[in-house]
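The next block is upload-v4.cif, given as mmCIF, C-alpha atoms.
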data_data
loop_
_atom_site.label_atom_id
_atom_site.label_comp_id
_atom_site.auth_asym_id
_atom_site.auth_seq_id
_atom_site.Cartn_x
_atom_site.Cartn_y
_atom_site.Cartn_z
CA ARG A 173 -19.56 29.83 -0.12
CA SER A 174 -21.10 29.29 -3.53
CA GLU A 175 -24.71 29.89 -4.55
CA GLY A 176 -24.80 26.57 -6.39
CA LEU A 177 -24.45 25.10 -9.84
CA TRP A 178 -24.98 28.35 -11.73
CA ASP A 179 -21.97 29.80 -9.92
CA VAL A 180 -19.93 26.73 -10.93
CA TYR A 181 -20.89 27.24 -14.57
CA GLU A 182 -20.52 31.02 -14.63
CA LYS A 183 -17.46 31.48 -12.42
CA ILE A 184 -15.48 28.28 -12.96
CA GLU A 185 -16.33 26.43 -16.18
CA LEU A 186 -17.26 29.19 -18.64
CA PRO A 187 -14.17 31.37 -18.01
CA LEU A 188 -11.97 28.29 -18.50
CA VAL A 189 -13.12 27.60 -22.08
CA PRO A 190 -10.82 30.15 -23.83
CA VAL A 191 -7.93 29.17 -21.53
CA LEU A 192 -8.11 25.51 -22.57
CA ALA A 193 -8.55 26.48 -26.24
CA GLU A 194 -5.37 28.58 -26.14
CA MET A 195 -3.45 25.76 -24.42
CA GLU A 196 -4.60 23.27 -27.04
CA MET A 197 -3.56 25.57 -29.88
CA LEU A 198 -0.16 26.29 -28.33
CA GLY A 199 0.59 22.65 -27.63
CA VAL A 200 3.96 21.25 -26.62
CA ARG A 201 6.85 19.67 -28.49
CA VAL A 202 7.88 16.02 -28.32
CA ASP A 203 11.51 14.89 -28.55
CA ARG A 204 10.74 12.32 -31.23
CA GLN A 205 14.28 10.91 -31.44
CA LYS A 206 14.45 10.34 -27.69
CA ALA A 207 10.88 8.97 -27.72
CA ALA A 208 11.75 6.39 -30.39
CA ALA A 209 14.77 5.21 -28.38
CA LEU A 210 12.73 5.00 -25.18
CA LEU A 211 9.97 3.07 -26.96
CA THR A 212 12.53 0.52 -28.19
CA ASP A 213 13.82 0.03 -24.63
CA LEU A 214 10.32 -0.44 -23.25
CA GLN A 215 9.33 -2.88 -26.00
CA GLU A 216 12.48 -4.94 -25.39
CA LEU A 217 11.77 -5.09 -21.65
CA HIS A 218 8.17 -6.08 -22.34
CA LEU A 219 9.22 -8.86 -24.70
CA ALA A 220 11.91 -10.12 -22.31
CA ASN A 221 9.36 -10.53 -19.51
CA LYS A 222 6.84 -12.03 -21.92
CA SER A 223 9.36 -14.61 -23.17
CA PHE A 224 10.41 -15.46 -19.61
CA LEU A 225 6.78 -16.03 -18.61
CA SER A 226 6.05 -18.10 -21.71
CA MET A 227 8.92 -20.38 -20.79
CA MET A 228 8.11 -20.57 -17.07
CA LEU A 229 4.36 -21.07 -17.51
CA GLY A 230 4.44 -23.15 -20.70
CA ILE A 231 1.99 -20.93 -22.56
CA ASP A 232 2.15 -19.08 -25.88
CA ASN A 233 0.85 -15.70 -24.77
CA PRO A 234 1.03 -14.60 -21.10
CA VAL A 235 -0.68 -11.33 -22.10
CA SER A 236 -3.84 -13.43 -22.62
CA HIS A 237 -5.89 -13.36 -19.44
CA GLU A 238 -7.34 -16.81 -20.10
CA GLN A 239 -3.97 -18.47 -20.71
CA LEU A 240 -2.36 -16.73 -17.74
CA SER A 241 -5.27 -17.53 -15.43
CA LYS A 242 -5.29 -21.23 -16.28
CA ALA A 243 -1.50 -21.51 -15.93
CA LEU A 244 -1.44 -19.82 -12.51
CA ASP A 245 -4.38 -21.89 -11.35
CA LYS A 246 -2.59 -25.08 -12.36
CA LEU A 247 0.48 -24.02 -10.37
CA GLY A 248 -1.60 -23.36 -7.26
CA CYS A 249 -1.58 -19.58 -7.12
CA PRO A 250 -3.71 -18.70 -4.04
CA ILE A 251 -5.95 -16.08 -5.72
CA LYS A 252 -9.57 -16.98 -4.85
CA ALA A 253 -11.43 -14.40 -6.94
CA ARG A 254 -13.05 -15.81 -10.09
CA THR A 255 -14.65 -14.35 -13.18
CA PRO A 256 -18.43 -14.85 -13.23
CA SER A 257 -18.71 -16.28 -16.77
CA LYS A 258 -15.84 -18.76 -17.24
CA HIS A 259 -14.89 -19.04 -13.56
CA LEU A 260 -11.31 -18.15 -14.39
CA MET A 261 -8.90 -16.88 -11.75
CA VAL A 262 -8.91 -13.08 -11.63
CA THR A 263 -5.42 -11.85 -12.51
CA GLY A 264 -5.73 -8.10 -12.03
CA ASP A 265 -2.74 -6.20 -10.68
CA ASP A 266 -4.27 -5.85 -7.20
CA GLU A 267 -4.96 -9.58 -6.97
CA LEU A 268 -1.45 -10.42 -8.14
CA LYS A 269 0.16 -8.02 -5.67
CA ALA A 270 -1.80 -9.56 -2.82
CA ALA A 271 -0.50 -12.99 -3.89
CA ARG A 272 3.09 -11.84 -4.41
CA HIS A 273 4.33 -13.80 -1.38
CA TRP A 274 3.41 -17.04 -3.23
CA ASN A 275 6.03 -16.56 -5.97
CA MET A 276 7.68 -13.14 -6.09
CA LEU A 277 9.76 -13.87 -9.19
CA LEU A 278 6.75 -14.95 -11.24
CA ILE A 279 4.34 -12.28 -10.02
CA ASP A 280 6.87 -9.48 -10.50
CA ALA A 281 7.56 -10.67 -14.06
CA ILE A 282 3.82 -10.48 -14.85
CA LEU A 283 3.49 -7.02 -13.33
CA ASP A 284 6.63 -5.81 -15.14
CA MET A 285 5.43 -7.20 -18.47
CA ARG A 286 2.20 -5.23 -18.11
CA LYS A 287 3.99 -2.13 -16.86
CA TYR A 288 6.35 -1.95 -19.82
CA GLN A 289 3.50 -2.53 -22.26
CA LYS A 290 1.50 0.30 -20.67
CA LEU A 291 4.44 2.71 -20.56
CA GLY A 292 5.30 1.88 -24.14
CA GLY A 293 1.74 2.79 -25.07
CA TYR A 294 2.19 6.32 -23.72
CA VAL A 295 5.38 6.82 -25.72
CA GLU A 296 3.89 5.27 -28.86
CA ASN A 297 0.98 7.74 -28.61
CA PHE A 298 3.41 10.66 -28.43
CA LEU A 299 5.03 9.51 -31.67
CA GLU A 300 1.76 8.76 -33.48
CA LEU A 301 -0.02 11.95 -32.43
CA SER A 302 2.79 14.47 -32.92
CA ASP A 303 3.62 15.85 -36.35
CA GLU A 304 7.02 15.58 -38.06
CA SER A 305 8.26 18.69 -36.29
CA GLY A 306 7.30 17.12 -32.95
CA LYS A 307 4.34 19.37 -32.21
CA LEU A 308 1.69 17.73 -30.03
CA HIS A 309 -1.78 19.11 -29.27
CA THR A 310 -3.67 17.29 -26.53
CA SER A 311 -7.39 17.89 -26.03
CA PHE A 312 -8.52 18.93 -22.55
CA ASN A 313 -11.86 17.48 -21.51
CA GLN A 314 -13.74 19.81 -19.24
CA ALA A 315 -17.07 18.19 -18.47
CA GLY A 316 -18.70 14.78 -18.46
CA SER A 317 -18.57 11.56 -16.48
CA TRP A 318 -15.29 9.91 -17.42
CA GLU A 319 -14.98 7.87 -14.22
CA GLU A 320 -18.48 6.48 -14.52
CA HIS A 321 -17.75 5.05 -17.96
CA GLY A 322 -14.76 2.98 -16.95
CA GLY A 323 -12.09 5.56 -17.78
CA ASN A 324 -12.24 4.94 -21.51
CA THR A 325 -10.77 7.45 -23.92
CA ASP A 326 -13.94 9.28 -24.94
CA ARG A 327 -13.98 13.04 -24.48
CA ARG A 328 -15.24 12.84 -20.93
CA ALA A 329 -13.96 14.44 -17.77
CA PRO A 330 -14.05 12.95 -14.25
CA SER A 331 -17.31 13.42 -12.40
CA THR A 332 -15.41 15.10 -9.57
CA GLY A 333 -14.88 18.04 -11.92
CA ARG A 334 -11.21 17.30 -12.61
CA LEU A 335 -9.84 17.90 -16.08
CA SER A 336 -8.84 14.97 -18.23
CA SER A 337 -7.09 14.99 -21.58
CA SER A 338 -7.08 12.82 -24.67
CA GLY A 339 -5.06 12.52 -27.81
CA PRO A 340 -2.84 11.77 -25.82
CA ASN A 341 -3.96 11.38 -22.23
CA LEU A 342 -1.32 13.31 -20.32
CA GLN A 343 -3.08 12.81 -16.99
CA ASN A 344 -2.10 9.13 -16.82
CA ILE A 345 1.66 9.60 -17.13
CA PRO A 346 3.10 7.91 -14.01
CA HIS A 347 3.98 10.45 -11.38
CA HIS A 348 4.49 8.87 -7.97
CA SER A 349 3.75 5.21 -8.71
CA ASP A 350 6.79 4.78 -10.99
CA VAL A 351 9.01 7.79 -10.50
CA GLU A 352 11.97 6.95 -12.76
CA TRP A 353 9.95 5.81 -15.78
CA GLY A 354 7.50 8.64 -15.23
CA ARG A 355 10.36 11.14 -15.32
CA ALA A 356 11.75 9.52 -18.48
CA ILE A 357 8.39 9.87 -20.25
CA ARG A 358 7.83 13.41 -18.97
CA SER A 359 11.28 14.38 -20.25
CA LEU A 360 9.99 13.78 -23.80
CA ILE A 361 7.68 16.82 -23.48
CA LEU A 362 9.44 20.06 -24.45
CA PRO A 363 8.57 23.78 -24.53
CA ARG A 364 9.06 26.11 -27.48
CA GLU A 365 12.61 26.67 -28.72
CA GLY A 366 14.52 28.94 -26.35
CA HIS A 367 12.02 28.38 -23.53
CA LEU A 368 11.77 26.28 -20.38
CA ILE A 369 8.88 24.48 -18.72
CA LEU A 370 7.89 25.73 -15.29
CA THR A 371 5.61 23.46 -13.27
CA ALA A 372 3.71 24.43 -10.15
CA ASP A 373 2.41 21.74 -7.82
CA LEU A 374 0.39 22.57 -4.72
CA GLU A 375 2.10 21.08 -1.68
CA GLN A 376 -0.07 18.61 0.20
CA GLU A 377 -3.23 20.12 -1.21
CA GLU A 378 -5.61 17.26 -0.41
CA PRO A 379 -4.88 17.08 3.34
CA ARG A 380 -5.09 20.88 3.57
CA ILE A 381 -8.55 20.75 2.01
CA ILE A 382 -9.49 17.82 4.27
CA ALA A 383 -8.42 19.92 7.26
CA LEU A 384 -10.76 22.67 6.06
CA VAL A 385 -13.76 20.60 4.96
CA ALA A 386 -13.64 17.94 7.69
CA GLY A 387 -12.34 20.18 10.48
CA ASP A 388 -9.48 17.77 11.20
CA ALA A 389 -7.56 19.31 14.10
CA THR A 390 -4.50 17.07 13.62
CA LEU A 391 -4.10 18.20 10.02
CA GLN A 392 -4.86 21.82 10.93
CA ARG A 393 -2.19 21.80 13.63
CA ALA A 394 0.45 20.28 11.34
CA SER A 395 -0.39 22.84 8.63
CA ALA A 396 -0.25 25.78 11.06
CA GLU A 397 3.11 24.64 12.40
CA GLY A 398 4.53 24.23 8.89
CA ARG A 399 5.12 20.51 9.42
CA ASP A 400 4.79 17.65 6.94
CA ILE A 401 1.04 17.09 7.03
CA TYR A 402 1.35 13.41 6.12
CA ARG A 403 3.77 12.64 8.95
CA PRO A 404 1.19 11.96 11.72
CA ALA A 405 -0.71 9.60 9.41
CA THR A 406 2.46 7.83 8.27
CA GLU A 407 3.56 7.37 11.87
CA ALA A 408 0.13 5.91 12.65
CA VAL A 409 0.42 3.45 9.74
CA TYR A 410 4.11 2.67 10.39
CA PRO A 411 4.91 3.26 14.09
CA ASN A 412 8.56 2.38 13.43
CA THR A 413 8.93 5.72 11.59
CA ARG A 414 8.41 7.74 14.79
CA SER A 415 11.65 9.54 15.57
CA GLU A 416 13.18 12.83 16.65
CA LEU A 417 14.28 13.62 13.09
CA ASN A 418 13.21 16.91 11.53
CA ASP A 419 10.72 16.66 8.68
CA LYS A 420 13.33 16.95 5.93
CA ASP A 421 15.54 14.17 7.30
CA TRP A 422 12.52 12.08 8.26
CA LYS A 423 11.13 12.27 4.73
CA ALA A 424 14.51 11.36 3.24
CA ARG A 425 14.78 8.33 5.52
CA TYR A 426 11.19 7.13 5.30
CA GLY A 427 10.19 8.22 1.80
CA GLU A 428 8.72 4.86 0.79
CA GLU A 429 6.75 4.51 4.03
CA ARG A 430 5.51 8.09 3.66
CA TYR A 431 4.20 7.42 0.14
CA LYS A 432 2.37 4.25 1.21
CA GLY A 433 1.21 5.89 4.44
CA LYS A 434 -0.17 8.85 2.49
CA THR A 435 -1.99 6.49 0.09
CA ILE A 436 -3.48 4.45 2.94
CA PHE A 437 -4.47 7.58 4.85
CA LEU A 438 -6.32 9.15 1.92
CA ALA A 439 -8.05 5.87 1.01
CA TRP A 440 -9.15 5.45 4.65
CA TYR A 441 -10.35 9.05 4.90
CA TYR A 442 -12.46 8.51 1.80
CA GLY A 443 -14.24 5.58 3.39
CA ALA A 444 -12.05 2.57 2.58
CA GLY A 445 -11.58 -0.24 5.08
CA ALA A 446 -9.16 -3.08 5.78
CA PRO A 447 -9.40 -4.74 2.30
CA ARG A 448 -8.13 -1.58 0.59
CA ILE A 449 -5.31 -1.21 3.11
CA LEU A 450 -4.28 -4.79 2.33
CA ASP A 451 -4.26 -3.95 -1.39
CA ILE A 452 -1.75 -1.17 -0.69
CA GLU A 453 0.29 -2.97 1.98
CA PRO A 454 -0.46 -6.72 1.79
CA THR A 455 2.39 -7.64 4.15
CA VAL A 456 0.54 -6.44 7.27
CA GLY A 457 -2.21 -9.09 7.13
CA ASP A 458 -5.78 -8.76 8.36
CA ALA A 459 -4.86 -8.09 11.99
CA GLY A 460 -2.28 -5.50 10.93
CA ALA A 461 -4.80 -3.69 8.72
CA GLN A 462 -7.26 -3.48 11.61
CA ALA A 463 -4.50 -2.17 13.87
CA ILE A 464 -3.65 0.52 11.31
CA ILE A 465 -7.30 1.62 11.26
CA ARG A 466 -7.37 1.86 15.07
CA ARG A 467 -4.23 4.00 15.11
CA LEU A 468 -5.53 6.25 12.32
CA ARG A 469 -8.81 6.73 14.21
CA ALA A 470 -6.88 7.76 17.31
CA ALA A 471 -4.73 10.22 15.35
CA HIS A 472 -7.63 11.64 13.26
CA PRO A 473 -10.92 11.44 15.21
CA ALA A 474 -12.51 14.01 12.86
CA ARG A 475 -12.63 11.44 10.08
CA GLU A 476 -15.48 9.47 11.64
CA ARG A 477 -17.58 12.62 12.01
CA TYR A 478 -16.82 13.57 8.41
CA VAL A 479 -17.87 10.17 7.00
CA GLU A 480 -21.05 10.19 9.11
CA LYS A 481 -21.92 13.69 7.88
CA ILE A 482 -21.35 12.76 4.22
CA ALA A 483 -23.33 9.53 4.63
CA ARG A 484 -26.30 11.41 6.09
CA GLN A 485 -26.25 13.95 3.28
CA VAL A 486 -25.91 11.56 0.37
CA LYS A 487 -28.46 9.11 1.78
CA GLY A 488 -30.93 11.91 2.46
CA GLU A 489 -30.43 14.11 -0.61
CA GLY A 490 -28.74 11.85 -3.15
CA PHE A 491 -25.80 14.21 -3.77
CA VAL A 492 -22.71 15.78 -2.22
CA GLU A 493 -20.99 19.01 -3.21
CA THR A 494 -17.66 20.80 -3.24
CA TRP A 495 -16.76 23.95 -1.34
CA PHE A 496 -17.86 25.94 -4.40
CA GLY A 497 -21.17 24.16 -4.97
CA ARG A 498 -20.33 21.60 -7.65
CA LYS A 499 -22.66 18.65 -7.11
CA ARG A 500 -22.20 14.96 -7.72
CA TRP A 501 -25.37 12.93 -7.77
CA LEU A 502 -25.20 9.41 -6.33
CA PRO A 503 -28.77 8.07 -6.40
CA THR A 504 -27.66 4.56 -5.41
CA ALA A 505 -27.00 5.98 -1.93
CA MET A 506 -30.80 6.05 -1.52
CA SER A 507 -31.13 2.40 -2.60
CA HIS A 508 -32.35 -0.48 -0.44
CA ASN A 509 -29.29 -2.50 -1.45
CA LYS A 510 -26.75 -2.22 1.38
CA ARG A 511 -23.74 -2.89 -0.86
CA ASP A 512 -24.81 -0.17 -3.33
CA VAL A 513 -25.28 2.30 -0.47
CA GLU A 514 -21.85 1.54 1.00
CA ALA A 515 -20.17 1.98 -2.40
CA ALA A 516 -22.01 5.28 -2.97
CA VAL A 517 -20.95 6.60 0.45
CA ARG A 518 -17.32 5.75 -0.32
CA GLU A 519 -17.56 7.65 -3.61
CA ALA A 520 -19.29 10.53 -1.86
CA CYS A 521 -16.53 10.92 0.73
CA ASN A 522 -13.85 11.96 -1.76
CA MET A 523 -16.00 14.33 -3.84
CA PRO A 524 -15.91 17.34 -1.47
CA ILE A 525 -12.12 17.02 -1.28
CA GLN A 526 -11.04 16.11 -4.82
CA GLY A 527 -13.84 18.15 -6.37
CA THR A 528 -12.80 21.23 -4.39
CA ALA A 529 -9.20 20.71 -5.54
CA ALA A 530 -10.45 20.50 -9.14
CA ASP A 531 -12.40 23.74 -8.77
CA VAL A 532 -9.36 25.50 -7.30
CA LEU A 533 -7.17 24.36 -10.19
CA LYS A 534 -9.65 25.54 -12.81
CA MET A 535 -10.09 28.97 -11.24
CA ALA A 536 -6.34 29.35 -10.75
CA MET A 537 -5.65 28.44 -14.39
CA ARG A 538 -7.81 31.35 -15.54
CA ARG A 539 -5.97 33.66 -13.15
CA VAL A 540 -2.59 32.43 -14.39
CA ARG A 541 -3.55 32.95 -18.01
CA ASP A 542 -4.74 36.51 -17.27
CA GLY A 543 -1.64 37.26 -15.19
CA LEU A 544 0.62 36.25 -18.10
CA LEU A 545 -1.00 38.66 -20.56
CA GLY A 546 1.70 40.86 -22.03
CA MET A 547 4.43 38.31 -21.32
CA ASP A 548 6.00 35.89 -23.76
CA SER A 549 5.39 33.01 -21.31
CA LYS A 550 2.20 31.00 -21.87
CA LEU A 551 0.19 28.44 -19.91
CA CYS A 552 0.70 25.23 -21.89
CA LEU A 553 -0.54 22.20 -19.97
CA THR A 554 -1.81 20.63 -16.79
CA VAL A 555 -0.78 17.14 -15.72
CA HIS A 556 -2.42 15.61 -12.66
CA ASP A 557 -2.75 18.67 -10.38
CA GLU A 558 0.24 20.53 -11.79
CA VAL A 559 0.12 23.65 -13.91
CA GLY A 560 2.74 23.91 -16.66
CA VAL A 561 3.95 27.17 -18.18
CA ASP A 562 6.04 27.47 -21.36
CA VAL A 563 8.29 30.15 -19.89
CA LEU A 564 10.90 32.56 -21.24
CA PRO A 565 13.99 32.22 -18.99
CA SER A 566 14.05 35.95 -18.21
CA GLU A 567 10.43 35.80 -17.01
CA VAL A 568 10.75 32.87 -14.58
CA ASP A 569 10.62 34.95 -11.39
CA LYS A 570 7.64 37.00 -12.57
CA VAL A 571 5.80 33.86 -13.66
CA LYS A 572 6.36 32.25 -10.24
CA GLU A 573 4.78 35.30 -8.59
CA VAL A 574 1.79 35.15 -10.94
CA VAL A 575 1.23 31.43 -10.42
CA TYR A 576 1.59 31.52 -6.64
CA SER A 577 -0.79 34.47 -6.23
CA SER A 578 -3.29 32.84 -8.60
CA PHE A 579 -3.87 29.97 -6.16
CA GLN A 580 -4.23 32.14 -3.06
CA GLY A 581 -7.50 33.53 -1.74
CA LEU A 582 -9.70 30.95 -3.44
CA LEU A 583 -10.05 29.07 -0.15
CA PRO A 584 -9.65 30.41 3.40
CA ILE A 585 -6.31 28.58 3.71
CA GLU A 586 -2.86 29.11 2.24
CA LEU A 587 -1.90 26.79 -0.61
CA PRO A 588 1.91 26.56 -0.68
CA THR A 589 3.33 25.91 -4.12
CA GLU A 590 6.36 23.90 -5.21
CA PHE A 591 8.00 25.14 -8.42
CA LYS A 592 10.27 23.23 -10.78
CA VAL A 593 11.91 24.65 -13.87
CA GLY A 594 13.59 22.57 -16.54
CA VAL A 595 14.34 22.03 -20.21
CA SER A 596 11.49 19.50 -20.35
CA LEU A 597 8.51 18.47 -18.27
CA GLY A 598 10.68 15.87 -16.55
CA GLY A 599 14.07 17.57 -16.65
CA VAL A 600 14.71 20.08 -13.89
CA GLY A 601 17.35 22.69 -14.58
#

Representation of the structure as structure tokens:
Amino acid sequence: RSEGLWDVYEKIELPLVPVLAEMEMLGVRVDRQKAAALLTDLQELHLANKSFLSMMLGIDNPVSHEQLSKALDKLGCPIKARTPSKHLMVTGDDELKAARHWNMLLIDAILDMRKYQKLGGYVENFLELSDESGKLHTSFNQAGSWEEHGGNTDRRAPSTGRLSSSGPNLQNIPHHSDVEWGRAIRSLILPREGHLILTADLEQEEPRIIALVAGDATLQRASAEGRDIYRPATEAVYPNTRSELNDKDWKARYGEERYKGKTIFLAWYYGAGAPRILDIEPTVGDAGAQAIIRRLRAAHPARERYVEKIARQVKGEGFVETWFGRKRWLPTAMSHNKRDVEAAVREACNMPIQGTAADVLKMAMRRVRDGLLGMDSKLCLTVHDEVGVDVLPSEVDKVKEVVYSSFQGLLPIELPTEFKVGVSLGGVG
């Protein structure tokens, strides 16, 4: 285990500085012609939904929160949350999803209008920030408190230690939440001429780290047996998915349930309760959310011990830390305000997991960069928890060996790696 913050600085952050600088200088290419066509499609879809909503709601601008809120309120939308100043109905995505049963056509049109506007923003940034030859140089943000400042676009990094990027922000490209559009946007990102992009994504990294840090026997057993680690949790959330199918066929049949089950499981493990489960799966209702929690507790009894341990530490010392000694200070955990304490404990629960994953990625990136010395292939980007290499086709097998070995031995568990190789970040060849 680490000796503390000096180790984090000296062994994780400092060695990463030249790696990020080289990645920024290398950059990636953008398919500007394809980006312009995709932007047009997204803008047309945005305007179509906007026009439909203007007609249905009788307002000029459904993008306006005030106009939208008043129109939905007048129609009887059952959202109870109100803004503190003007007492307007809150129309955030989570609130709208929870009210989707009221009028699916209307709510989906609002969500789609926002989605297409947001996706168009990513593509527009690619065009504005790349030069005429299509070269794009993002800036990787290594340290700071990005999450604590509302996720704005300053050069800040998440307080868990994860990398962020700006100019453009590659970390926010949809990955699992909107697979098809995410793939379309990722396909705009190209390697150097004559090269491919190889991506490496650690398979089920978070539950493997949870198994280590929390001592979760259910996760440890699934990992040791080479099974889908998220399957027990998914079957606890959705009992109808229990079957005799092997993991591959089970995942193919219950892919949507697995994604939602994974999301609910991680949120619950990090301290969330029934309200968050209802945000993710509003169809189950209050009683269903409580039943899901009971089944998850039965399948993963270690979680309660983990949350209690984290709560004791953060309430007593005001901080939690990763496997490698990175600390996150949460002084509100020592407050006399019960709501502040509960929020701090929830934040504290994910830090040892996500922060450890961030540390692993940073150390592995340095190893990858050093392992590629003498090759033509170069580390070029990281998106979410993936590592991307601008790879010469003849070096693909060697690069895979370098990347896989770079992630091993950092923790006392194996970290299996999924590789994809394609002509773009989103196009697998």

List the neighbours of stretch 404-407 of chain A out to 7 Å using only C-alpha atoms; skip same-chain residues closer than 5 positions along the sequence, and give me the result as a count of residues only. 8

Would you translate the PyMOL selection byres ((chain A and resi 502-507) around 7) into the concrete set of residues it matches in this file, as a ChimeraX atom specification? /A:486-487,490-491,500-501,508-509,512-513,516-517

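Comparing the minimum interatomic distances between A:Val555 and each of A:Asp373, A:Asp569, A:Asp421, A:Asp303, counting only C-alpha atoms, we find that A:Asp373 sits nearest.
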
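Across the structure, atom CA of A:Asn313 and atom CA of A:Gly339 are spaced 10.5 Å apart.
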
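Residues matched by the PyMOL selection byres ((chain A and resi 586-592) around 6) in this structure: Leu370, Thr371, Ala372, Asp373, Leu374, Glu375, Ile585 and Val593 of chain A.
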
Would you mind reading off the distance between atom CA of A:Glu573 and atom CA of A:Val595, one decimal, in Å?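 These atoms are spaced 20.1 Å apart.
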
Given the PyMOL selection byres ((chain A and resi 523) around 8) and the file above, list the residues it selects as an mmCIF file with C-alpha atoms, in the coordinates of the input.
data_model
loop_
_atom_site.group_PDB
_atom_site.id
_atom_site.type_symbol
_atom_site.label_atom_id
_atom_site.label_comp_id
_atom_site.auth_asym_id
_atom_site.auth_seq_id
_atom_site.Cartn_x
_atom_site.Cartn_y
_atom_site.Cartn_z
ATOM 1 C CA THR A 332 -15.410 15.100 -9.570
ATOM 2 C CA VAL A 492 -22.710 15.780 -2.220
ATOM 3 C CA GLU A 493 -20.990 19.010 -3.210
ATOM 4 C CA THR A 494 -17.660 20.800 -3.240
ATOM 5 C CA ARG A 500 -22.200 14.960 -7.720
ATOM 6 C CA GLU A 519 -17.560 7.650 -3.610
ATOM 7 C CA ALA A 520 -19.290 10.530 -1.860
ATOM 8 C CA CYS A 521 -16.530 10.920 0.730
ATOM 9 C CA ASN A 522 -13.850 11.960 -1.760
ATOM 10 C CA PRO A 524 -15.910 17.340 -1.470
ATOM 11 C CA ILE A 525 -12.120 17.020 -1.280
ATOM 12 C CA GLN A 526 -11.040 16.110 -4.820
ATOM 13 C CA GLY A 527 -13.840 18.150 -6.370
ATOM 14 C CA THR A 528 -12.800 21.230 -4.390
#

Pick out the residues sitting within 12 Å of stretch 294-299 of chain A, and hand them over as number ranges by chain; count all atoms listed in the file, and ignore anything fewer than 2 positions along from it in its own chain. A: 200-215, 287-292, 301-310, 338-346, 353-354, 356-362

Which residues of stretch 229-325 of chain A have any atom within 10 Å of an atom in stretch 452-459 of chain A when counting all atoms listed in the file, and what is the closest pair of atoms for each, with the distance in Å to one decimal? Order the rows by chain and rising number and write it as a tab-separated table.
residue	atom	partner	partner_atom	distance
A:Asp266	CA	A:Ile452	CA	8.4
A:Lys269	CA	A:Pro454	CA	7.6
A:Ala270	CA	A:Pro454	CA	5.6
A:Ala271	CA	A:Pro454	CA	8.5
A:Arg272	CA	A:Pro454	CA	8.8
A:His273	CA	A:Thr455	CA	8.5

I'd like the contact shell of stretch 275-280 of chain A - 10 Å cut-off, all atoms listed in the file, skipping same-chain residues fewer than 5 positions apart - returned as a list of chain:residue names.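 So the residues in contact are A:Asn221, A:Phe224, A:Leu225, A:Met228, A:Leu229, A:Leu244, A:Cys249, A:Asp265, A:Leu268, A:Lys269, A:Ala270, A:Met285, A:Arg286.
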
Find the distance between atom CA of A:Tyr478 and atom CA of A:Leu582 and write it in Å to one decimal.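 Atom-to-atom, atom CA of A:Tyr478 and atom CA of A:Leu582 are spaced 22.2 Å apart.
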
Rebuild stretch 268-276 of chain A so that it carries N, CA, C and O atoms, then output the result as a PDB file, keeping the file's coordinate frame.
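Result went into result19.pdb, see below:
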ATOM      1  N   LEU A 268      -2.810  -9.871  -8.041  1.00  0.00           N
ATOM      2  CA  LEU A 268      -1.450 -10.420  -8.140  1.00  0.00           C
ATOM      3  C   LEU A 268      -0.548  -9.883  -7.038  1.00  0.00           C
ATOM      4  O   LEU A 268       0.245 -10.631  -6.448  1.00  0.00           O
ATOM      5  N   LYS A 269      -0.672  -8.597  -6.730  1.00  0.00           N
ATOM      6  CA  LYS A 269       0.160  -8.020  -5.670  1.00  0.00           C
ATOM      7  C   LYS A 269      -0.144  -8.656  -4.321  1.00  0.00           C
ATOM      8  O   LYS A 269       0.761  -8.886  -3.515  1.00  0.00           O
ATOM      9  N   ALA A 270      -1.422  -8.920  -4.089  1.00  0.00           N
ATOM     10  CA  ALA A 270      -1.800  -9.560  -2.820  1.00  0.00           C
ATOM     11  C   ALA A 270      -1.261 -10.985  -2.717  1.00  0.00           C
ATOM     12  O   ALA A 270      -1.050 -11.494  -1.607  1.00  0.00           O
ATOM     13  N   ALA A 271      -1.017 -11.614  -3.879  1.00  0.00           N
ATOM     14  CA  ALA A 271      -0.500 -12.990  -3.890  1.00  0.00           C
ATOM     15  C   ALA A 271       1.000 -13.047  -4.133  1.00  0.00           C
ATOM     16  O   ALA A 271       1.549 -14.134  -4.372  1.00  0.00           O
ATOM     17  N   ARG A 272       1.662 -11.916  -4.052  1.00  0.00           N
ATOM     18  CA  ARG A 272       3.090 -11.840  -4.410  1.00  0.00           C
ATOM     19  C   ARG A 272       3.956 -12.759  -3.549  1.00  0.00           C
ATOM     20  O   ARG A 272       4.966 -13.296  -4.008  1.00  0.00           O
ATOM     21  N   HIS A 273       3.557 -12.949  -2.290  1.00  0.00           N
ATOM     22  CA  HIS A 273       4.330 -13.800  -1.380  1.00  0.00           C
ATOM     23  C   HIS A 273       4.414 -15.240  -1.891  1.00  0.00           C
ATOM     24  O   HIS A 273       5.345 -15.979  -1.543  1.00  0.00           O
ATOM     25  N   TRP A 274       3.443 -15.665  -2.712  1.00  0.00           N
ATOM     26  CA  TRP A 274       3.410 -17.040  -3.230  1.00  0.00           C
ATOM     27  C   TRP A 274       4.601 -17.315  -4.139  1.00  0.00           C
ATOM     28  O   TRP A 274       5.248 -18.364  -4.029  1.00  0.00           O
ATOM     29  N   ASN A 275       4.898 -16.389  -5.053  1.00  0.00           N
ATOM     30  CA  ASN A 275       6.030 -16.560  -5.970  1.00  0.00           C
ATOM     31  C   ASN A 275       6.431 -15.172  -6.496  1.00  0.00           C
ATOM     32  O   ASN A 275       5.915 -14.722  -7.510  1.00  0.00           O
ATOM     33  N   MET A 276       7.327 -14.526  -5.768  1.00  0.00           N
ATOM     34  CA  MET A 276       7.680 -13.140  -6.090  1.00  0.00           C
ATOM     35  C   MET A 276       8.267 -13.005  -7.498  1.00  0.00           C
ATOM     36  O   MET A 276       7.956 -12.052  -8.220  1.00  0.00           O
TER      37      MET A 276
END
